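Beneath this line is the structure, given in structure tokens, with notes to follow.
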Amino acid sequence: MKRLIAAAVLVATPVWADVQVRDADTIVLDGTPVRFQGVDAPELKTRAGKDAKRWTVNYLRGKEVTCDLTGERSYDRYIGVCYANGQDIGAAVIAAGHALDCARYSGGRYRHLEKASAKSRIKRAGYCS
């Protein structure tokens, strides 16, 4: 594992302008796209996806964001666990009811945070089962 500028663990400058939210499970930190490991968020083409992105943008506003990268990649994104002021962003978005646990990649660490309303509203990705 390394830190952003080095490669496997991404550490960003604590400036909001350096964080862009693609959707509820992907951010761009200092120009590096990072997908939250083990988080299954709805697609942006859905209302739930738009709501989840909006929540994530508001949640991250003004916070210091850092990511620990696994060294794996998915398409153009690095995979990692990211933190806002030290709090796991993936855990927060799931606990807020805007995403689900993707046990295949999380080992089930977020399952206990899933909301019943999210499970009925968000279709779990097939690769997460």
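In the structure tokens, chains take letters A, B, ... by order of appearance, with residues numbered from 1 within each chain and ligands from 1 in the order shown.
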
Point to revise | Residue contacts of A:Gln20 (10 Å, only C-alpha atoms) excluding same-chain residues fewer than 4 positions away, as JSON, numbers by chain | key: {"A": [16, 26, 27, 28, 29, 30, 31, 32, 33, 57, 60]}

Exercise for review: Determine, counting only C-alpha atoms, which protein, DNA and RNA residues have an atom within 8 Å of an atom of A:Arg35; residues of the same chain fewer than 2 positions away are not included. Present the result as an MDAnalysis selection string.
Suggested key: chainID A and resid 25:27 33 37 74 77:80

Check your understanding: Neighbours of A:Ala41 within 7 Å (only C-alpha atoms; same-chain residues fewer than 5 positions away dropped), as an MDAnalysis selection string?
Key -> chainID A and resid 24:25 49 98:100

**Study point:** helix (DSSP H, G or I) per DSSP on the backbone: members of chain A, as a PyMOL selection string
**Key:** chain A and resi 4-6+16-18+47-60+89-95+103-106+111-113+116-121+126-128

Review point. Quick one, how far is atom CA of A:Lys115 from atom CA of A:Asn85?
Key: 23.4 Å

Review point. Taking into account only C-alpha atoms, which residue in the set A:Tyr75, A:Tyr83, A:Tyr127, A:Trp55 is nearest to A:Gly97?
Key: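 Using only C-alpha atoms, the shortest distance to A:Gly97 belongs to A:Trp55.
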
Review point. Suppose you want the space between atom CA of A:Arg47 and atom CA of A:Gly108; what is it in Å?
Key: 25.9 Å

Polymer residues at most 6 Å from A:Cys128, only C-alpha atoms, same-chain spacing of 5 or more positions, as a PDB file with C-alpha atoms, in the first residue's frame:
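Now in around23.pdb:
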ATOM      1  CA  CYS A 102     -20.574  -5.328  -1.881  1.00  0.00           C
ATOM      2  CA  ALA A 103     -19.529  -8.388   0.105  1.00  0.00           C
ATOM      3  CA  ARG A 104     -17.398  -9.793  -2.707  1.00  0.00           C
TER       4      ARG A 104
END

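You can rank A:Val34, A:Val39, A:Ala118, A:Ala125 by their closest distance to A:Ala96 using only C-alpha atoms, and at the top of that list sits A:Ala118.
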
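Using only C-alpha atoms, the nearest neighbour of A:Gly62 within the list A:Ala116, A:Val19, A:Leu44, A:Ala95 is A:Val19.
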
Check your understanding: Using only C-alpha atoms, which residue out of A:Asp51, A:Asp68, A:Asp101, A:Asp18 lies closest to A:Glu114?
Key -> A:Asp101

Exercise for review: Please return as a PyMOL selection string: the residues of stretch 4-129 of chain A that backbone DSSP assigns to strand (DSSP E or B).
Suggested key: chain A and resi 10-11+19-23+26-29+32-36+39-40+65-74+77-84+87-88+100-101

**Study point:** Minimum-distance residue to A:Ile94, chosen among A:Asp40, A:Ala48, A:Arg121, A:Lys63 (using only C-alpha atoms)
**Key:**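 Among A:Asp40, A:Ala48, A:Arg121, A:Lys63, it is A:Asp40 that comes nearest to A:Ile94.
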
**Study point:** Length of the atom CA of A:Tyr105 to atom CA of A:Cys82 vector [Å]
**Key:** 14.5 Å
